[in-house]
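*Asks:* So that we are looking at the same thing, I have put the structure below in structure tokens.
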Number of protein chains: 2
Amino acid sequence: MNSENNNPVYTISRAAELLGISIPTLRMYEKEGLIIPFKKESNQRCYSKADLERIKCIRETINGTKISIEGIKHLLSLVPCWKLKNCSRDERTVCEAFISYDKPCWMYSHKNNLCSEIPCISCEVYTNFSDCKKVKETIKSYL
Amino acid sequence: MNSENNNPVYTISRAAELLGISIPTLRMYEKEGLIIPFKKESNQRCYSKADLERIKCIRETINGTKISIEGIKHLLSLVPCWKLKNCSRDERTVCEAFISYDKPCWMYSHKNNLCSEIPCISCEVYTNFSDCKKVKETIKSYL
DNA sequence: GATAGTTGATATTTATAAATATCATGTTTA
DNA sequence: TAAACATGATATTTATAAATATCAACTATC
């Protein structure tokens with residue numbers, strides 16, 4: 001929301017320093033699809049304040065609740081993106097994110113559907129769901 | 001369904017033998033709420049064929065997908081029991097299972113609501129959900 | 001009433017996820 | 001054009017979940 005918080009201003013070393021973790025850990029979270037940092041043209045990562053908050057939340061889930069990263073990915077695959085984005089019946093039947101249950105929708109490429117219009121990094125489904133607790137709240141809001 | 005499969009006929013040692021695991025492991029799965037074995041009056045556990053299948057499924061999830069036990073519990077807490085059981089609006093607002101997101105509904109005591117009428121061991125919510133894959137299918141059936 | 005198998009609880013071992021270190025190579029910046 | 005920092009990839013370490021072993025007390029079976 002706040003453009004201030006979404007400005008990608010921190011290098012990876014500064015982000016690691018602020019979070020008190022190592023650089024390879026940040027890369028690992030990204031590889032696992034838990035975080036999508038902004039990338040410069042040169043391919044260098046840039047983290048925003050919002051990114052740092054997201055990572056703090058992820059680490060709380062990993063180290064606090066003892067859900068494994070694989071568990072978090074499975075949980076996030078249950079976010080009903082098709083509802084949040086008003087995905088049509090026709091579109092969802094061929095959408096990998098709708099079909100699968102092992103990783104969040106933003107880990108798929110979304111070719112040829114409504115999700116190809118904006119990048120996942122700025123999609124509400126990605127930005128709103130770093131906290132696994134929110135998944136049940138969202139499901140309850142529909143059921 | 002099939003009463004044959006639900007007959008509690010195996011002792012814990014026989015169940016452990018058939019599954020190729022240790023007795024303490026079976027007790028641990030139970031403590032974690034993943035399995036509810038029948039108990040004799042003397043408090044001794046008795047496992048059915050259906051129980052063994054359920055445990056096989058659980059082990060596949062733990063050892064195959066690398067979702068931790070804690071992750072499985074969180075996933076199973078997303079089963080929309082309130083929909084499956086037609087839980088009223090009034091009842092759900094005070095139901096721990098509806099409110100929480102850290103363990104399946106059958107790990108709660110369900111005092112003073114429609115779930116206190118039958119034991120969880122014979123409830124469809126418990127019996128139908130050993131496979132975490134089914135959770136998304138169920139959510140999709142409603143959304 | 002003796003043997004075999006159960007109970008819950010605690011202690012220990014084993015397997016592996018999570019995090020880090022290190023690498024040769026490429027990019028930024030002063 | 002150096003120095004500092006980035007990249008991806010692989011190897012290693014560390015932390016801990018999962019599984020097992022062991023215990024004294026209790027229950028079943030013959």
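Identifiers for the structure tokens are assigned positionally: chains receive A, B, ... in sequence, residues are indexed from 1 per chain, and ligands are indexed from 1 in the order shown.
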For chain B, work out the contacting residues on chain C at 12 Å, counting only C-alpha atoms (C1' of nucleotides), and write them as a ChimeraX atom specification.
*Replies:* /C:4-9,15-17
*Asks:* Which polymer residues have any atom within 9 Å of an atom of Cys57 in chain A, counting only C-alpha atoms (C1' of nucleotides), with same-chain residues fewer than 5 positions away left out, as a PyMOL selection string?
*Replies:* chain A and resi 52+62+130-131
*Asks:* Can you measure CA of Tyr126 in chain A to CA of Leu114 in chain A for me? One decimal in Å is fine.
*Replies:* 14.9 Å
*Asks:* Give me, as a PDB file with C-alpha atoms, in the first residue's frame, the contact residues of chain A against chain B at a cut-off of 8 Å, counting only C-alpha atoms.
*Replies:*
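File produced: iface-v3.pdb:
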```pdb
ATOM      1  CA  THR A  65       5.644 -22.603  14.757  1.00  0.00           C
ATOM      2  CA  LYS A  66       7.967 -25.334  13.409  1.00  0.00           C
ATOM      3  CA  ILE A  67       6.056 -25.575  10.155  1.00  0.00           C
ATOM      4  CA  SER A  68       8.734 -26.488   7.613  1.00  0.00           C
ATOM      5  CA  ILE A  69       9.310 -24.386   4.520  1.00  0.00           C
ATOM      6  CA  GLU A  70       7.673 -27.169   2.513  1.00  0.00           C
ATOM      7  CA  GLY A  71       4.696 -26.942   4.875  1.00  0.00           C
ATOM      8  CA  ILE A  72       4.463 -23.172   4.415  1.00  0.00           C
ATOM      9  CA  HIS A  74       1.635 -26.131   0.864  1.00  0.00           C
ATOM     10  CA  LEU A  75      -0.338 -23.829   3.147  1.00  0.00           C
ATOM     11  CA  LEU A  78      -4.511 -22.978  -0.362  1.00  0.00           C
ATOM     12  CA  PRO A  80      -8.043 -19.054  -3.012  1.00  0.00           C
ATOM     13  CA  LYS A  83     -11.661 -16.056  -5.869  1.00  0.00           C
ATOM     14  CA  TYR A 101      -1.421 -27.976  -3.840  1.00  0.00           C
ATOM     15  CA  LYS A 133      -2.639 -17.449   9.709  1.00  0.00           C
ATOM     16  CA  LYS A 136      -7.865 -19.609   7.251  1.00  0.00           C
ATOM     17  CA  ILE A 139     -11.253 -19.177   3.584  1.00  0.00           C
ATOM     18  CA  TYR A 142     -15.900 -17.065   1.771  1.00  0.00           C
ATOM     19  CA  LEU A 143     -17.408 -20.019   3.663  1.00  0.00           C
TER      20      LEU A 143
END
```
*Asks:* As a VMD selection string, list the residues of chain A assigned to strand (DSSP E or B) by DSSP on the backbone atoms of this structure.
*Replies:* chain A and resid 10 38 to 39 45 to 47
*Asks:* Kindly determine which residues of chain D lie within 10 Å of chain A, considering only C-alpha atoms (C1' of nucleotides), and give the answer as a count of residues only.
*Replies:* 6
*Asks:* Neighbours of Met28 in chain A within 10 Å (only C-alpha atoms (C1' of nucleotides); same-chain residues fewer than 6 positions away dropped), as a list in words?
*Replies:* Leu34 and Ile35 of chain A; DA18 and DA19 of chain C
*Asks:* May I have all residues of range 38-114 of chain A that DSSP, computed from the backbone, assigns to alpha helix (DSSP H), given as a tab-separated table (two decimals) with C-alpha atoms, in the first residue's frame?
*Replies:*
```
chain	number	residue	atom	x	y	z
A	49	LYS	CA	10.82	-2.25	4.13
A	50	ALA	CA	7.76	-4.34	3.29
A	51	ASP	CA	10.06	-7.14	2.10
A	52	LEU	CA	11.91	-7.09	5.40
A	53	GLU	CA	8.63	-7.32	7.31
A	54	ARG	CA	7.57	-10.21	5.14
A	55	ILE	CA	10.82	-12.04	5.83
A	56	LYS	CA	10.48	-11.45	9.55
A	57	CYS	CA	7.05	-13.02	9.38
A	58	ILE	CA	8.34	-15.99	7.41
A	59	ARG	CA	11.13	-16.56	9.90
A	60	GLU	CA	8.67	-16.43	12.77
A	69	ILE	CA	9.31	-24.39	4.52
A	70	GLU	CA	7.67	-27.17	2.51
A	71	GLY	CA	4.70	-26.94	4.88
A	72	ILE	CA	4.46	-23.17	4.42
A	73	LYS	CA	4.46	-23.61	0.65
A	74	HIS	CA	1.63	-26.13	0.86
A	75	LEU	CA	-0.34	-23.83	3.15
A	76	LEU	CA	0.08	-20.88	0.81
A	81	CYS	CA	-6.41	-16.82	-5.61
A	82	TRP	CA	-9.13	-17.74	-8.13
A	83	LYS	CA	-11.66	-16.06	-5.87
A	84	LEU	CA	-9.52	-13.10	-4.91
A	89	ARG	CA	-14.35	-21.00	-14.51
A	90	ASP	CA	-12.73	-21.59	-17.87
A	91	GLU	CA	-9.43	-20.05	-16.84
A	92	ARG	CA	-9.10	-21.83	-13.55
A	93	THR	CA	-9.55	-25.31	-14.98
A	96	GLU	CA	-1.54	-24.73	-12.57
A	97	ALA	CA	-1.97	-22.67	-9.41
A	98	PHE	CA	-5.61	-23.71	-9.11
A	99	ILE	CA	-4.82	-27.36	-9.75
```
*Asks:* Can you tell me, as a PDB file with N, CA and C atoms (P, O5', C5', C4', C3', O3' and C1' of nucleotides), in the first residue's frame, what residues are no more than 12 Å from DT3 in chain C when counting only C-alpha atoms (C1' of nucleotides), ignoring any on the same chain fewer than 5 positions away?
*Replies:*
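Wrote selection18.pdb, looks like this:
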```pdb
ATOM      1  P    DA D  28      -7.145 -55.890  30.702  1.00  0.00           P
ATOM      2  O5'  DA D  28      -6.455 -57.105  29.936  1.00  0.00           O
ATOM      3  C5'  DA D  28      -5.988 -56.893  28.610  1.00  0.00           C
ATOM      4  C4'  DA D  28      -5.220 -58.133  28.155  1.00  0.00           C
ATOM      5  C3'  DA D  28      -6.050 -59.420  28.086  1.00  0.00           C
ATOM      6  O3'  DA D  28      -5.905 -59.961  26.780  1.00  0.00           O
ATOM      7  C1'  DA D  28      -4.050 -59.769  29.326  1.00  0.00           C
ATOM      8  P    DT D  29      -6.839 -61.106  26.249  1.00  0.00           P
ATOM      9  O5'  DT D  29      -5.957 -62.430  26.407  1.00  0.00           O
ATOM     10  C5'  DT D  29      -4.633 -62.446  25.880  1.00  0.00           C
ATOM     11  C4'  DT D  29      -3.915 -63.703  26.346  1.00  0.00           C
ATOM     12  C3'  DT D  29      -4.796 -64.960  26.426  1.00  0.00           C
ATOM     13  O3'  DT D  29      -4.092 -66.061  25.897  1.00  0.00           O
ATOM     14  C1'  DT D  29      -3.681 -64.655  28.449  1.00  0.00           C
ATOM     15  P    DC D  30      -4.880 -67.409  25.447  1.00  0.00           P
ATOM     16  O5'  DC D  30      -3.707 -68.519  25.405  1.00  0.00           O
ATOM     17  C5'  DC D  30      -2.416 -68.256  25.909  1.00  0.00           C
ATOM     18  C4'  DC D  30      -2.104 -69.171  27.089  1.00  0.00           C
ATOM     19  C3'  DC D  30      -2.991 -70.435  27.165  1.00  0.00           C
ATOM     20  O3'  DC D  30      -2.203 -71.607  26.954  1.00  0.00           O
ATOM     21  C1'  DC D  30      -2.742 -69.386  29.304  1.00  0.00           C
TER      22       DC D  30
END
```
*Asks:* Which residues are close to DT29 in chain C, i.e. within 12 Å by only C-alpha atoms (C1' of nucleotides), leaving aside same-chain residues fewer than 3 positions away? Reply as a PyMOL selection string.
*Replies:* chain D and resi 1-5
*Asks:* Keeping N, CA and C atoms (P, O5', C5', C4', C3', O3' and C1' of nucleotides), export the residues of the selection given above as an mmCIF file, in the first residue's frame.
*Replies:*
```
data_model
loop_
_atom_site.group_PDB
_atom_site.id
_atom_site.type_symbol
_atom_site.label_atom_id
_atom_site.label_comp_id
_atom_site.auth_asym_id
_atom_site.auth_seq_id
_atom_site.Cartn_x
_atom_site.Cartn_y
_atom_site.Cartn_z
ATOM 1 P P DT D 1 42.063 0.811 -17.018
ATOM 2 O "O5'" DT D 1 43.225 0.371 -16.025
ATOM 3 C "C5'" DT D 1 43.630 1.254 -14.945
ATOM 4 C "C4'" DT D 1 43.116 0.721 -13.637
ATOM 5 C "C3'" DT D 1 42.831 -0.787 -13.607
ATOM 6 O "O3'" DT D 1 43.121 -1.313 -12.316
ATOM 7 C "C1'" DT D 1 40.920 0.334 -12.939
ATOM 8 P P DA D 2 44.779 -1.446 -11.899
ATOM 9 O "O5'" DA D 2 44.723 -1.484 -10.323
ATOM 10 C "C5'" DA D 2 43.606 -2.098 -9.726
ATOM 11 C "C4'" DA D 2 43.186 -1.317 -8.493
ATOM 12 C "C3'" DA D 2 42.804 -2.233 -7.360
ATOM 13 O "O3'" DA D 2 43.036 -1.591 -6.128
ATOM 14 C "C1'" DA D 2 40.865 -1.150 -8.229
ATOM 15 P P DA D 3 43.076 -2.584 -4.798
ATOM 16 O "O5'" DA D 3 41.647 -2.313 -4.138
ATOM 17 C "C5'" DA D 3 41.246 -0.975 -3.872
ATOM 18 C "C4'" DA D 3 39.817 -0.968 -3.351
ATOM 19 C "C3'" DA D 3 39.500 -2.125 -2.394
ATOM 20 O "O3'" DA D 3 38.766 -1.607 -1.293
ATOM 21 C "C1'" DA D 3 38.011 -2.170 -4.239
ATOM 22 P P DA D 4 38.118 -2.609 -0.204
ATOM 23 O "O5'" DA D 4 36.600 -2.684 -0.684
ATOM 24 C "C5'" DA D 4 35.871 -1.477 -0.919
ATOM 25 C "C4'" DA D 4 34.437 -1.839 -1.298
ATOM 26 C "C3'" DA D 4 33.824 -2.936 -0.424
ATOM 27 O "O3'" DA D 4 32.492 -2.564 -0.085
ATOM 28 C "C1'" DA D 4 33.709 -3.562 -2.695
ATOM 29 P P DC D 5 31.652 -3.520 0.877
ATOM 30 O "O5'" DC D 5 30.628 -4.219 -0.130
ATOM 31 C "C5'" DC D 5 29.847 -3.417 -1.022
ATOM 32 C "C4'" DC D 5 29.266 -4.293 -2.112
ATOM 33 C "C3'" DC D 5 28.506 -5.529 -1.591
ATOM 34 O "O3'" DC D 5 27.177 -5.522 -2.094
ATOM 35 C "C1'" DC D 5 29.899 -6.069 -3.404
#
```
*Asks:* Can you pull out every residue within 10 Å of Ala16 in chain B, counting only C-alpha atoms (C1' of nucleotides), but drop anything in the same chain fewer than 5 positions away, and send it as a list in words?
*Replies:*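 Near neighbours after the sequence-gap exclusion: Tyr10, Thr11, Ile21, Ser22, Ile23, Pro24, Thr25, Leu26, Tyr47 and Leu52 of chain B.
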*Asks:* Next, write the just-selected residues to a file, as a compact mmCIF listing (two decimals), in the first residue's frame, keeping N, CA and C atoms as the atom set.
*Replies:*
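Produced file part_9.txt, reproduced below:
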```txt
# COMPACT_ATOMS: atom_id res chain seq x y z
N TYR B 10 -6.12 -55.05 15.35
CA TYR B 10 -4.68 -55.21 15.55
C TYR B 10 -4.20 -54.57 16.85
N THR B 11 -3.39 -55.30 17.59
CA THR B 11 -2.73 -54.71 18.75
C THR B 11 -1.67 -53.72 18.26
N ILE B 21 7.27 -49.95 11.59
CA ILE B 21 7.73 -48.83 12.43
C ILE B 21 7.67 -49.25 13.90
N SER B 22 8.14 -48.38 14.78
CA SER B 22 8.19 -48.72 16.20
C SER B 22 6.89 -48.35 16.90
N ILE B 23 6.70 -48.92 18.05
CA ILE B 23 5.52 -48.64 18.86
C ILE B 23 5.49 -47.18 19.34
N PRO B 24 6.61 -46.64 19.84
CA PRO B 24 6.58 -45.22 20.25
C PRO B 24 6.21 -44.28 19.11
N THR B 25 6.55 -44.65 17.89
CA THR B 25 6.18 -43.78 16.76
C THR B 25 4.66 -43.75 16.61
N LEU B 26 4.01 -44.88 16.75
CA LEU B 26 2.55 -44.92 16.68
C LEU B 26 1.93 -44.07 17.79
N TYR B 47 -6.05 -51.18 16.45
CA TYR B 47 -6.01 -50.53 15.13
C TYR B 47 -6.78 -51.35 14.09
N LEU B 52 -4.49 -48.38 9.57
CA LEU B 52 -3.17 -48.64 8.98
C LEU B 52 -3.00 -47.87 7.68
```
